[in-house]
Each structure stands twice: as C-alpha cells, then as structure tokens.
$ cat data_19.txt   # compact mmCIF, C-alpha atoms and all ligand atoms
# COMPACT_ATOMS: atom_id res chain seq x y z
CA VAL A 20 48.68 9.72 0.30
CA PHE A 21 45.99 7.04 0.15
CA ASP A 22 42.35 7.80 0.77
CA LYS A 23 41.90 4.89 3.18
CA GLU A 24 38.11 5.12 3.24
CA LYS A 25 37.92 4.49 -0.47
CA TYR A 26 39.21 0.93 -0.34
CA THR A 27 37.85 -2.44 0.67
CA VAL A 28 40.69 -4.88 1.29
CA VAL A 29 40.53 -8.57 2.19
CA PHE A 30 43.79 -10.32 3.03
CA VAL A 31 44.03 -13.93 1.87
CA LEU A 32 46.49 -15.90 3.98
CA GLY A 33 47.54 -19.54 4.22
CA GLY A 34 50.58 -21.76 3.89
CA PRO A 35 52.41 -22.33 0.60
CA GLY A 36 50.17 -24.39 -1.67
CA SER A 37 47.05 -24.04 0.48
CA GLY A 38 45.18 -22.76 -2.59
CA LYS A 39 45.13 -18.99 -2.15
CA GLY A 40 45.67 -18.20 -5.83
CA THR A 41 43.18 -20.82 -7.01
CA GLN A 42 40.36 -19.55 -4.80
CA CYS A 43 41.10 -15.87 -5.50
CA GLN A 44 40.41 -16.51 -9.19
CA ASN A 45 36.93 -17.76 -8.30
CA LEU A 46 36.28 -14.78 -6.05
CA VAL A 47 37.32 -12.33 -8.76
CA ARG A 48 34.84 -13.93 -11.15
CA ASP A 49 31.90 -13.93 -8.72
CA PHE A 50 32.43 -10.90 -6.48
CA GLY A 51 34.16 -8.38 -8.72
CA PHE A 52 37.31 -8.00 -6.65
CA VAL A 53 40.75 -7.24 -8.04
CA HIS A 54 43.25 -9.94 -7.11
CA LEU A 55 46.76 -8.86 -6.17
CA SER A 56 49.23 -11.62 -5.28
CA ALA A 57 52.32 -10.42 -3.42
CA GLY A 58 54.27 -13.37 -4.84
CA ASP A 59 53.20 -12.59 -8.43
CA LEU A 60 54.11 -8.91 -8.03
CA LEU A 61 57.54 -9.89 -6.69
CA ARG A 62 58.15 -12.38 -9.53
CA ALA A 63 57.18 -9.71 -12.08
CA GLU A 64 59.55 -7.21 -10.46
CA GLN A 65 62.31 -9.83 -10.41
CA ARG A 66 61.91 -10.33 -14.19
CA ARG A 67 61.62 -6.62 -15.01
CA PRO A 68 64.67 -5.56 -16.99
CA GLY A 69 66.70 -3.05 -15.02
CA SER A 70 65.11 -3.82 -11.66
CA GLU A 71 67.57 -3.10 -8.87
CA TYR A 72 65.90 -5.77 -6.71
CA GLY A 73 65.96 -8.68 -9.17
CA GLU A 74 68.73 -10.68 -7.53
CA LEU A 75 67.58 -10.00 -3.99
CA ILE A 76 64.02 -11.08 -4.78
CA ASN A 77 65.19 -14.23 -6.56
CA SER A 78 67.37 -15.34 -3.67
CA CYS A 79 64.67 -14.62 -1.05
CA ILE A 80 62.09 -16.62 -3.03
CA LYS A 81 64.43 -19.56 -3.52
CA GLU A 82 65.28 -19.59 0.18
CA GLY A 83 61.64 -19.17 1.23
CA LYS A 84 62.56 -15.93 2.99
CA ILE A 85 60.37 -12.88 3.31
CA VAL A 86 61.40 -10.11 0.91
CA PRO A 87 62.06 -6.77 2.68
CA MET A 88 58.84 -4.99 3.49
CA GLU A 89 59.67 -1.75 1.68
CA ILE A 90 59.81 -3.55 -1.68
CA THR A 91 56.59 -5.53 -1.24
CA ILE A 92 54.50 -2.65 0.11
CA ALA A 93 55.73 -0.30 -2.64
CA LEU A 94 54.75 -2.87 -5.30
CA LEU A 95 51.30 -3.34 -3.77
CA GLU A 96 50.66 0.41 -3.48
CA LYS A 97 51.71 0.92 -7.08
CA ALA A 98 49.48 -1.93 -8.31
CA MET A 99 46.49 -0.56 -6.36
CA ARG A 100 46.95 2.94 -7.78
CA GLU A 101 47.50 1.74 -11.33
CA ASP A 102 44.50 -0.56 -11.27
CA GLY A 103 42.23 2.25 -10.16
CA GLY A 104 39.78 -0.19 -8.53
CA THR A 105 38.63 -0.02 -4.94
CA ARG A 106 37.99 -3.65 -3.91
CA PHE A 107 41.11 -5.77 -3.52
CA LEU A 108 41.90 -9.32 -2.54
CA ILE A 109 45.49 -9.23 -1.39
CA ASP A 110 46.94 -12.73 -1.43
CA GLY A 111 50.12 -13.77 0.39
CA PHE A 112 50.31 -10.54 2.34
CA PRO A 113 50.96 -9.59 5.12
CA ARG A 114 53.41 -12.39 5.90
CA LYS A 115 55.10 -10.76 8.82
CA MET A 116 53.91 -8.53 11.66
CA ASP A 117 55.81 -5.45 10.48
CA GLN A 118 54.08 -5.64 7.08
CA ALA A 119 50.65 -5.90 8.70
CA VAL A 120 51.18 -2.87 10.91
CA LYS A 121 52.81 -0.72 8.24
CA PHE A 122 50.26 -1.46 5.51
CA GLU A 123 47.24 -0.79 7.71
CA GLU A 124 48.84 2.42 8.94
CA ALA A 125 49.97 3.76 5.59
CA VAL A 126 47.60 2.30 3.01
CA CYS A 127 44.37 0.82 4.24
CA GLU A 128 42.82 -1.30 6.99
CA SER A 129 41.61 -4.77 6.10
CA LYS A 130 37.91 -5.48 6.24
CA SER A 131 38.40 -9.19 6.75
CA VAL A 132 41.03 -11.93 6.59
CA LEU A 133 40.48 -15.23 4.86
CA PHE A 134 42.74 -17.95 6.24
CA PHE A 135 43.28 -21.21 4.38
CA GLU A 136 44.14 -23.98 6.79
CA CYS A 137 45.82 -26.98 5.23
CA PRO A 138 48.05 -29.81 6.56
CA GLU A 139 51.68 -29.64 5.42
CA GLU A 140 51.61 -33.04 3.73
CA VAL A 141 48.71 -31.93 1.51
CA MET A 142 50.47 -28.67 0.58
CA LEU A 143 53.71 -30.56 -0.07
CA THR A 144 52.04 -32.98 -2.49
CA ARG A 145 50.36 -30.11 -4.37
CA LEU A 146 53.54 -28.05 -4.68
CA LEU A 147 55.71 -30.95 -5.79
CA HIS A 148 53.11 -31.76 -8.43
CA ARG A 149 52.91 -28.13 -9.58
CA GLY A 150 56.73 -28.01 -9.61
CA GLU A 151 56.80 -30.48 -12.49
CA THR A 152 55.53 -27.75 -14.82
CA SER A 153 55.54 -24.42 -12.94
CA GLY A 154 59.16 -23.48 -13.54
CA ARG A 155 59.13 -21.79 -10.12
CA VAL A 156 62.52 -21.74 -8.39
CA ASP A 157 60.82 -22.50 -5.06
CA ASP A 158 58.72 -25.55 -6.04
CA ASN A 159 61.33 -28.10 -4.95
CA ILE A 160 61.59 -30.03 -1.72
CA GLU A 161 64.38 -27.93 -0.15
CA SER A 162 62.66 -24.61 -0.84
CA ILE A 163 59.25 -25.94 0.17
CA ARG A 164 60.57 -27.03 3.61
CA LYS A 165 62.03 -23.55 4.12
CA ARG A 166 58.75 -21.91 3.04
CA PHE A 167 56.85 -24.02 5.59
CA LYS A 168 59.27 -22.99 8.34
CA THR A 169 58.91 -19.29 7.47
CA PHE A 170 55.15 -19.65 7.42
CA VAL A 171 54.99 -21.23 10.88
CA GLU A 172 57.50 -18.89 12.51
CA GLN A 173 56.68 -15.56 10.89
CA SER A 174 53.38 -15.64 9.02
CA TYR A 175 51.12 -17.61 11.34
CA PRO A 176 51.57 -14.98 14.11
CA VAL A 177 49.97 -12.49 11.69
CA VAL A 178 46.89 -14.71 11.45
CA GLN A 179 46.76 -14.84 15.26
CA TYR A 180 47.06 -11.06 15.43
CA PHE A 181 44.03 -10.61 13.16
CA GLU A 182 42.19 -13.36 15.01
CA LYS A 183 42.38 -11.27 18.18
CA GLN A 184 40.65 -8.49 16.23
CA GLY A 185 37.87 -10.89 15.23
CA LYS A 186 38.63 -10.51 11.54
CA VAL A 187 39.65 -14.04 10.55
CA LYS A 188 37.45 -16.50 8.65
CA THR A 189 39.10 -19.91 8.48
CA VAL A 190 38.51 -22.43 5.71
CA LEU A 191 39.84 -25.97 5.81
CA CYS A 192 41.32 -26.62 2.37
CA VAL A 193 41.81 -30.36 2.02
CA ASP A 194 38.81 -30.88 -0.26
CA THR A 195 38.65 -30.46 -4.04
CA PRO A 196 38.95 -26.86 -5.29
CA GLU A 197 35.21 -26.85 -6.06
CA LYS A 198 34.22 -28.01 -2.57
CA VAL A 199 36.61 -25.52 -0.96
CA TYR A 200 35.09 -22.75 -3.04
CA GLU A 201 31.58 -23.56 -1.81
CA LYS A 202 32.79 -22.71 1.70
CA VAL A 203 34.72 -19.64 0.57
CA LYS A 204 31.72 -18.33 -1.35
CA GLU A 205 29.48 -18.71 1.67
CA ILE A 206 31.92 -16.73 3.79
CA PHE A 207 32.09 -13.96 1.21
CA ARG A 208 28.32 -13.78 0.89
CA ASP A 209 28.20 -13.39 4.62
CA ILE A 210 30.85 -10.66 4.80
CA PHE A 211 29.44 -8.68 1.89
CA LYS A 212 25.75 -9.25 2.38
CA GLU A 213 25.00 -5.57 2.17
P1 LIG B 301 53.80 -16.84 -3.11
O1 LIG B 301 53.90 -16.74 -4.56
O2 LIG B 301 52.76 -16.06 -2.39
O3 LIG B 301 53.72 -18.37 -2.75
P2 LIG B 301 53.09 -19.16 -1.52
O4 LIG B 301 52.48 -18.36 -0.43
O5 LIG B 301 54.17 -20.06 -1.12
O6 LIG B 301 51.86 -19.81 -2.15
P3 LIG B 301 51.69 -20.42 -3.59
O7 LIG B 301 51.44 -19.37 -4.59
O8 LIG B 301 52.79 -21.37 -3.87
O9 LIG B 301 50.40 -21.27 -3.33
P4 LIG B 301 48.85 -20.86 -3.18
O10 LIG B 301 48.43 -20.93 -1.75
O11 LIG B 301 48.51 -19.60 -3.93
O12 LIG B 301 48.22 -22.11 -3.88
P5 LIG B 301 47.78 -22.31 -5.40
O13 LIG B 301 46.38 -21.84 -5.58
O14 LIG B 301 48.82 -21.81 -6.32
O15 LIG B 301 55.22 -16.43 -2.44
C1 LIG B 301 56.42 -16.95 -2.91
C2 LIG B 301 57.60 -16.24 -2.24
O16 LIG B 301 57.55 -14.83 -2.54
C3 LIG B 301 57.67 -16.30 -0.72
O17 LIG B 301 58.24 -17.49 -0.26
C4 LIG B 301 58.51 -15.06 -0.41
O18 LIG B 301 59.87 -15.32 -0.65
C5 LIG B 301 58.00 -14.07 -1.43
N1 LIG B 301 56.87 -13.32 -0.90
C6 LIG B 301 55.55 -13.52 -1.20
N2 LIG B 301 54.77 -12.67 -0.52
C7 LIG B 301 55.59 -11.90 0.22
C8 LIG B 301 55.37 -10.85 1.15
N3 LIG B 301 54.16 -10.45 1.51
N4 LIG B 301 56.46 -10.28 1.71
C9 LIG B 301 57.70 -10.68 1.40
N5 LIG B 301 57.97 -11.70 0.57
C10 LIG B 301 56.93 -12.31 -0.02
O19 LIG B 301 47.74 -23.90 -5.41
C11 LIG B 301 48.90 -24.66 -5.33
C12 LIG B 301 48.75 -25.90 -6.22
O20 LIG B 301 47.74 -26.76 -5.69
C13 LIG B 301 48.29 -25.57 -7.65
O21 LIG B 301 48.92 -26.46 -8.54
C14 LIG B 301 46.78 -25.80 -7.61
O22 LIG B 301 46.26 -26.16 -8.85
C15 LIG B 301 46.66 -26.91 -6.60
N6 LIG B 301 45.45 -26.82 -5.78
C16 LIG B 301 44.90 -25.69 -5.24
N7 LIG B 301 43.82 -26.00 -4.51
C17 LIG B 301 43.70 -27.35 -4.58
C18 LIG B 301 42.76 -28.27 -4.02
N8 LIG B 301 41.74 -27.87 -3.26
N9 LIG B 301 42.92 -29.60 -4.29
C19 LIG B 301 43.95 -30.02 -5.06
N10 LIG B 301 44.86 -29.21 -5.64
C20 LIG B 301 44.73 -27.88 -5.39
$ encode --input "data_19.txt" --output "structure tokens"
Amino acid sequence: VFDKEKYTVVFVLGGPGSGKGTQCQNLVRDFGFVHLSAGDLLRAEQRRPGSEYGELINSCIKEGKIVPMEITIALLEKAMREDGGTRFLIDGFPRKMDQAVKFEEAVCESKSVLFFECPEEVMLTRLLHRGETSGRVDDNIESIRKRFKTFVEQSYPVVQYFEKQGKVKTVLCVDTPEKVYEKVKEIFRDIFKE
C-alpha cells in the first residue's frame, strides 16, 4: 500500500512530440524531481528478456494504441518504489480516463498537471526528424497519424478532466526548447514557491 501523503506528483501531458521528455530533463536538473516516462518504462519492459508483455507492448506502440492500464500502472508503481524518491514528474501518463482515476485512487493524487500544447504539423515535423535516428518503431508517418488520433480521442479528455479541477497549467510549445523552458520554469516556480 502506498503512503499517498508522502508523494508529490506532477503529470506532464501533451501530444506526441510536443516536447515532454525534453522539458522534463530541464526540470529534473533545476527542481530535483525524478522523471518517469510511461513510454520509456514500457519500452524497457518490452526489451526485458522474458517479459510476458513484450509482444503486446510492441504492437500497441507501433499502432499508437494505449497499452492496458494494469501493465503501465504496475510499471510506474514499481519504478516509484525502487527509486525511493518522493517528488515525481510522470510524463505521458495518464493517457486515458481509467488510468487517471485508478492511479489517483490507488497510488497518489497529482499536485498539478503540466500540459504542452502544440500544433500537429509542428509535432509531425519534429517526430519525422527524430525518426531518422531514434530507431523507434512509432516514429514513422503511419504510426504518428495513429498516435495523434489516440491523443485527440482518448488523452485530451484527461486534460479536460484535470482542467475542471483547476490543476492544469498550459504551455504553448512552438518556440525553441530554451524559450519553452523559460515558461515552464516560471510555472514551476509558481507551483512550488513554498
Ligand atoms: P511516449 O514514449 O510517451 O511517446 P509520445 O507521448 O508519443 O511522446 P514522445 O516521447 O514521442 O515525445 P515528447 O513529447 O516526449 O517529445 P520529445 O521531448 O521527445 O509513448 C509512446 C507509446 O507508448 C504510446 O503511443 C503508447 O502506445 C505507449 N504508452 C505511453 N504511455 C502510455 C500510457 N500511459 N498508457 C498506455 N500506453 C502508453 O521531443 C520530440 C522531438 O522534438 C525530439 O527530437 C526533440 O529533440 C524535439 N524537440 C522537443 N522540443 C522541441 C522544441 N521546442 N523545438 C524543436 N524541437 C523540439
């Protein structure tokens, strides 16, 4: 059982290629958070020899589909316990309403939600560029289109859900990474001014 009071969790949400991972690295450096990316945890599990979920995860990622909640939440819980820290930036999660409800019920409530807003054409250009060297099975035009569709249909409603709770801080992400970070940093200073 998790001691919910012990943790400070910020969810970092945004479309594929909006810059979640890039900005989380900056936040880790300046604010002492631990960064957990749901996508990275799933890719590590997919590569783990003997994993019973390897094939399922690979096909979901390639198709831009959301991996079943039980797998993702179990990986996040395990990573939080193993790290031993108390301040987490959770990137790319929750991506679906059931994940949001279950995680906040069973693990911990989020303190705040950072949402990276970015036009699809900007994200598309970034991901196609990254795809030249990333080796990711989902950085190709077919997968990217599917990821966008999943984001709009299933993940954006999660942002709206948190918006109703007054938790969302939105950052427009079309600028350079440095300029975007200036805005992100300001938001974080404001949230954690204590
Ligand atoms: P995931 O790995 O989370 O991918 P994603 O959400 O599609 O986002 P990316 O990691 O591709 O992009 P990012 O926003 O982090 O941007 P980045 O900083 O890398 O998920 C992949 C898949 O895993 C999902 O489709 C799903 O199948 C599964 N999955 C993940 N989470 C799940 C969950 N919770 N439940 C179930 N399944 C889940 O930047 C992108 C590129 O742009 C980089 O090359 C970067 O250098 C560049 N860049 C960044 N910022 C800028 C900028 N300001 N200007 C110019 N270039 C920039």
$ residues_around --input "data_19.txt" --residues "segment 115-130 of chain A" --least-positions-apart "3" --cutoff "12 Å" --atoms "all atoms listed in the file" --output "VMD selection string"
chain A and resid 20 to 32 57 84 to 97 99 to 100 105 to 109 111 to 112 133 169 to 181 184 to 188 207 210 to 211
$ residues_near_ligand --input "data_19.txt" --ligand "ligand LIG 301 (chain B)" --cutoff "7 Å" --atoms "only C-alpha atoms and all ligand atoms" --output "PyMOL selection string"
chain A and resi 33-42+56-59+61+79-88+91+110-114+145-146+148-149+166+192-196+199
$ atom_distance --input "data_19.txt" --atom1 "atom CA of Arg67 of chain A" --atom2 "atom CA of Ser162 of chain A"
22.9 Å
$ atom_distance --input "data_19.txt" --atom1 "atom CA of Val47 of chain A" --atom2 "atom CA of Phe167 of chain A"
26.9 Å
$ atom_distance --input "data_19.txt" --atom1 "atom CA of Val203 of chain A" --atom2 "atom CA of Gly154 of chain A"
28.5 Å
$ decode --input "data_19.txt" --residues "segment 43-55 of chain A" --atoms "N, CA and C atoms" --output "PDB file, in the first residue's frame"
ATOM      1  N   CYS A  43      11.192  17.779 -19.338  1.00  0.00           N
ATOM      2  CA  CYS A  43      11.345  17.080 -18.050  1.00  0.00           C
ATOM      3  C   CYS A  43      12.821  17.010 -17.649  1.00  0.00           C
ATOM      4  N   GLN A  44      13.700  16.841 -18.633  1.00  0.00           N
ATOM      5  CA  GLN A  44      15.136  16.802 -18.307  1.00  0.00           C
ATOM      6  C   GLN A  44      15.584  18.100 -17.641  1.00  0.00           C
ATOM      7  N   ASN A  45      15.086  19.228 -18.158  1.00  0.00           N
ATOM      8  CA  ASN A  45      15.425  20.524 -17.553  1.00  0.00           C
ATOM      9  C   ASN A  45      14.888  20.625 -16.129  1.00  0.00           C
ATOM     10  N   LEU A  46      13.658  20.161 -15.941  1.00  0.00           N
ATOM     11  CA  LEU A  46      13.033  20.263 -14.621  1.00  0.00           C
ATOM     12  C   LEU A  46      13.756  19.400 -13.587  1.00  0.00           C
ATOM     13  N   VAL A  47      14.216  18.239 -14.026  1.00  0.00           N
ATOM     14  CA  VAL A  47      14.961  17.356 -13.127  1.00  0.00           C
ATOM     15  C   VAL A  47      16.227  18.080 -12.642  1.00  0.00           C
ATOM     16  N   ARG A  48      16.902  18.720 -13.564  1.00  0.00           N
ATOM     17  CA  ARG A  48      18.153  19.419 -13.246  1.00  0.00           C
ATOM     18  C   ARG A  48      17.908  20.567 -12.256  1.00  0.00           C
ATOM     19  N   ASP A  49      16.840  21.342 -12.467  1.00  0.00           N
ATOM     20  CA  ASP A  49      16.654  22.557 -11.675  1.00  0.00           C
ATOM     21  C   ASP A  49      15.759  22.399 -10.447  1.00  0.00           C
ATOM     22  N   PHE A  50      14.896  21.403 -10.431  1.00  0.00           N
ATOM     23  CA  PHE A  50      13.928  21.314  -9.323  1.00  0.00           C
ATOM     24  C   PHE A  50      14.022  20.007  -8.535  1.00  0.00           C
ATOM     25  N   GLY A  51      14.977  19.162  -8.899  1.00  0.00           N
ATOM     26  CA  GLY A  51      15.213  17.961  -8.105  1.00  0.00           C
ATOM     27  C   GLY A  51      14.094  16.942  -8.141  1.00  0.00           C
ATOM     28  N   PHE A  52      13.365  16.905  -9.225  1.00  0.00           N
ATOM     29  CA  PHE A  52      12.329  15.869  -9.375  1.00  0.00           C
ATOM     30  C   PHE A  52      12.935  14.609  -9.998  1.00  0.00           C
ATOM     31  N   VAL A  53      12.237  13.501  -9.831  1.00  0.00           N
ATOM     32  CA  VAL A  53      12.588  12.272 -10.535  1.00  0.00           C
ATOM     33  C   VAL A  53      11.643  12.182 -11.741  1.00  0.00           C
ATOM     34  N   HIS A  54      12.210  11.950 -12.900  1.00  0.00           N
ATOM     35  CA  HIS A  54      11.412  11.878 -14.122  1.00  0.00           C
ATOM     36  C   HIS A  54      11.087  10.424 -14.451  1.00  0.00           C
ATOM     37  N   LEU A  55       9.799  10.125 -14.550  1.00  0.00           N
ATOM     38  CA  LEU A  55       9.399   8.791 -15.007  1.00  0.00           C
ATOM     39  C   LEU A  55       8.564   8.965 -16.270  1.00  0.00           C
TER      40      LEU A  55
END
